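A.B. asks: File name start.txt; file contents compact mmCIF, C-alpha atoms; full text below.
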```txt
# COMPACT_ATOMS: atom_id res chain seq x y z
CA MET A 141 -42.41 -37.81 -7.39
CA SER A 142 -43.21 -34.41 -5.94
CA TRP A 143 -40.78 -32.25 -3.97
CA GLY A 144 -40.69 -32.41 -0.22
CA THR A 145 -40.69 -35.05 2.49
CA HIS A 146 -42.13 -38.50 1.84
CA THR A 147 -42.50 -41.68 3.87
CA PHE A 148 -41.77 -45.14 2.49
CA THR A 149 -43.42 -47.95 4.48
CA VAL A 150 -42.90 -51.68 4.14
CA LYS A 151 -45.19 -54.23 5.81
CA ALA A 152 -44.33 -57.92 5.94
CA ILE A 153 -45.98 -61.08 7.24
CA ASP A 154 -44.11 -64.36 7.36
CA LEU A 155 -45.59 -67.86 7.12
CA ALA A 156 -45.87 -68.07 10.93
CA GLY A 157 -48.02 -64.94 10.99
CA ASN A 158 -45.36 -62.62 12.41
CA ARG A 159 -45.90 -59.05 11.29
CA SER A 160 -43.49 -56.20 10.94
CA THR A 161 -43.74 -52.65 9.66
CA LYS A 162 -40.82 -50.35 8.94
CA SER A 163 -40.94 -46.79 7.66
CA VAL A 164 -38.30 -44.37 6.51
CA ASP A 165 -38.70 -40.68 5.73
CA PHE A 166 -36.83 -39.11 2.81
CA GLN A 167 -36.73 -35.82 0.95
CA VAL A 168 -36.89 -35.11 -2.76
CA LYS A 169 -34.90 -32.01 -3.68
CA THR A 170 -32.52 -30.69 -6.35
CA SER A 171 -29.35 -28.66 -6.83
CA TYR A 172 -27.35 -27.02 -9.61
CA ALA A 173 -25.12 -30.11 -9.70
CA THR A 174 -28.17 -32.35 -10.08
CA LEU A 175 -29.46 -30.26 -12.97
CA GLU A 176 -26.05 -30.42 -14.63
CA LYS A 177 -26.08 -34.22 -14.32
CA LEU A 178 -29.57 -34.33 -15.83
CA VAL A 179 -28.55 -32.18 -18.79
CA GLN A 180 -25.53 -34.42 -19.41
CA ARG A 181 -27.62 -37.59 -19.08
CA PHE A 182 -30.30 -36.30 -21.45
CA ALA A 183 -27.62 -35.25 -23.96
CA ASP A 184 -26.04 -38.71 -23.75
CA GLU A 185 -29.48 -40.30 -24.31
CA GLY A 186 -30.25 -38.01 -27.24
CA THR A 187 -33.32 -36.37 -25.69
CA ILE A 188 -31.27 -33.19 -25.88
CA ASN A 189 -30.16 -33.84 -29.44
CA ASN A 190 -27.67 -31.02 -29.98
CA LYS A 191 -24.33 -30.94 -28.13
CA GLY A 192 -24.07 -27.17 -28.55
CA ILE A 193 -27.42 -26.69 -26.80
CA ALA A 194 -26.39 -29.09 -24.02
CA ASN A 195 -23.08 -27.23 -23.55
CA SER A 196 -24.87 -23.89 -23.47
CA LEU A 197 -27.29 -25.17 -20.81
CA LEU A 198 -24.41 -26.57 -18.75
CA LYS A 199 -22.53 -23.26 -18.89
CA LYS A 200 -25.63 -21.38 -17.71
CA LEU A 201 -25.97 -23.76 -14.77
CA GLN A 202 -22.27 -23.49 -13.90
CA ASN A 203 -22.75 -19.71 -13.76
CA GLN A 204 -26.01 -20.20 -11.79
CA ASN A 205 -27.87 -18.19 -14.42
CA LEU A 206 -31.29 -19.82 -14.05
CA SER A 207 -33.23 -17.17 -15.95
CA SER A 208 -31.16 -17.75 -19.09
CA PHE A 209 -31.29 -21.53 -18.54
CA ILE A 210 -35.10 -21.46 -18.32
CA SER A 211 -35.37 -19.23 -21.40
CA GLU A 212 -33.17 -21.53 -23.45
CA VAL A 213 -35.07 -24.65 -22.35
CA HIS A 214 -38.34 -22.98 -23.40
CA ALA A 215 -36.85 -21.89 -26.73
CA GLN A 216 -35.46 -25.35 -27.54
CA THR A 217 -38.42 -27.45 -26.36
CA ARG A 218 -39.62 -29.67 -29.22
CA ASN A 219 -36.69 -28.44 -31.34
CA HIS A 220 -33.63 -29.89 -29.64
CA ILE A 221 -35.10 -30.83 -26.24
CA SER A 222 -37.98 -33.29 -25.93
CA ALA A 223 -41.09 -31.97 -24.17
CA GLU A 224 -40.79 -34.56 -21.39
CA VAL A 225 -37.17 -33.64 -20.69
CA ALA A 226 -38.01 -29.92 -20.76
CA ASP A 227 -40.66 -30.54 -18.09
CA TYR A 228 -38.07 -32.16 -15.80
CA LEU A 229 -35.51 -29.42 -16.35
CA LEU A 230 -38.02 -26.61 -15.83
CA ARG A 231 -39.42 -28.27 -12.70
CA ASP A 232 -35.97 -28.52 -11.13
CA ALA A 233 -35.06 -24.98 -12.16
CA ALA A 234 -38.28 -23.66 -10.61
CA MET A 235 -37.41 -25.44 -7.38
CA LEU A 236 -33.99 -23.78 -7.33
CA LEU A 237 -35.56 -20.37 -7.96
CA ASN A 238 -38.02 -20.82 -5.11
CA PRO A 239 -36.90 -23.65 -2.80
CA TRP A 240 -39.64 -22.91 -0.26
CA GLN A 241 -42.41 -23.64 -2.73
CA ILE A 242 -43.31 -27.30 -3.07
CA VAL A 243 -44.01 -28.13 -6.74
CA ASN A 244 -46.31 -31.09 -7.45
```
Reformat the file's structure so that it appears as structure tokens.
C.D. replies:
Amino acid sequence: MSWGTHTFTVKAIDLAGNRSTKSVDFQVKTSYATLEKLVQRFADEGTINNKGIANSLLKKLQNQNLSSFISEVHAQTRNHISAEVADYLLRDAAMLLNPWQIVN
């Protein structure tokens, strides 16, 4: 799902023909804490397959050093980080670098 504000709408019709529609707006965003949770989750799943790499990434996030985080993700993609996971991590890091730019 892309960054930004989205609307979720549900429409229902019962057997008597009564209709109802409800919508709720929500935002998709990220944070350093969210990225840390993703790194830990991916390490637990094995899609980051080296604990040392995962720890290094976590330390960079704890120090809010996104440039080094991004460089390490690029360097380890297809080595110790799956390409799909790298895409998620880089997308979130880009959003933190420039929160006013909506990334699709």
A.B. asks: Draw an axis-aligned box over all listed atoms of segment 177-186 of chain A, pad each side with 6 Å, and write its centre and edge lengths in Å, one decimal, as lines of an AutoDock Vina configuration file.
C.D. replies:
```
center_x = -27.9
center_y = -36.2
center_z = -20.8
size_x = 16.8
size_y = 20.1
size_z = 24.9
```
A.B. asks: With distances taken over only C-alpha atoms, which residue among A:Asn238, A:Thr187, A:Gln180, A:Thr217 lies nearest Lys199 of chain A?
C.D. replies: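 Among the listed residues, the smallest separation from Lys199 of chain A belongs to A:Gln180.
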A.B. asks: Counting only C-alpha atoms, figure out which residue out of A:Arg231, A:Phe182, A:Lys200, A:His220 gets nearest to Ser142 of chain A.
C.D. replies: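 Closest candidate: A:Arg231.
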A.B. asks: Neighbouring residues of Asn190 of chain A were defined as those with any atom within 9 Å, considering all atoms listed in the file; residues of the same chain fewer than 5 positions away were excluded. Please report them as a PyMOL selection string.
C.D. replies: chain A and resi 183+195+220-221
A.B. asks: With all atoms listed in the file as the basis for distance, which of A:Val164, A:Leu237, A:Leu197, A:Val225 is at the shortest distance from Glu212 of chain A?
C.D. replies: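 Counting all atoms listed in the file, the residue closest to Glu212 of chain A is A:Leu197.
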A.B. asks: Could you check which of A:Arg218, A:Leu198, A:Ser211, A:Ile153 is closest to Thr174 of chain A, using all atoms listed in the file?
C.D. replies: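 So, comparing all the options, the nearest one is A:Leu198.
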A.B. asks: Of the residues A:Asn203, A:Val179, A:Asn158, A:Ser196, which is the one nearest to Leu230 of chain A, using all atoms listed in the file?
C.D. replies: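 Closest candidate: A:Val179.
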A.B. asks: Rounded to one decimal in Å, what is the spacing between atom CA of Ala223 of chain A and atom CA of Phe166 of chain A?
C.D. replies: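 About the pair atom CA of Ala223 of chain A and atom CA of Phe166 of chain A: they are 28.2 Å apart.
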A.B. asks: So, with all atoms listed in the file as the atoms that count, which of A:Lys162, A:Asn189, A:Leu201, A:Thr149 lies closest to Ser222 of chain A?
C.D. replies: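 That would be A:Asn189, the residue with the smallest distance to Ser222 of chain A.
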A.B. asks: One number please: atom CA of Thr147 of chain A to atom CA of Leu236 of chain A, in Å, one decimal.
C.D. replies: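 Interatomic distance here is 22.8 Å.
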A.B. asks: So how many Å separate atom CA of Gln204 of chain A and atom CA of Gly186 of chain A, to one decimal?
C.D. replies: 24.0 Å
A.B. asks: Neighbours of Leu229 of chain A within 9 Å (all atoms listed in the file; same-chain residues fewer than 4 positions away dropped), as a PyMOL selection string?
C.D. replies: chain A and resi 175+178-179+210+213+224-225+233-234
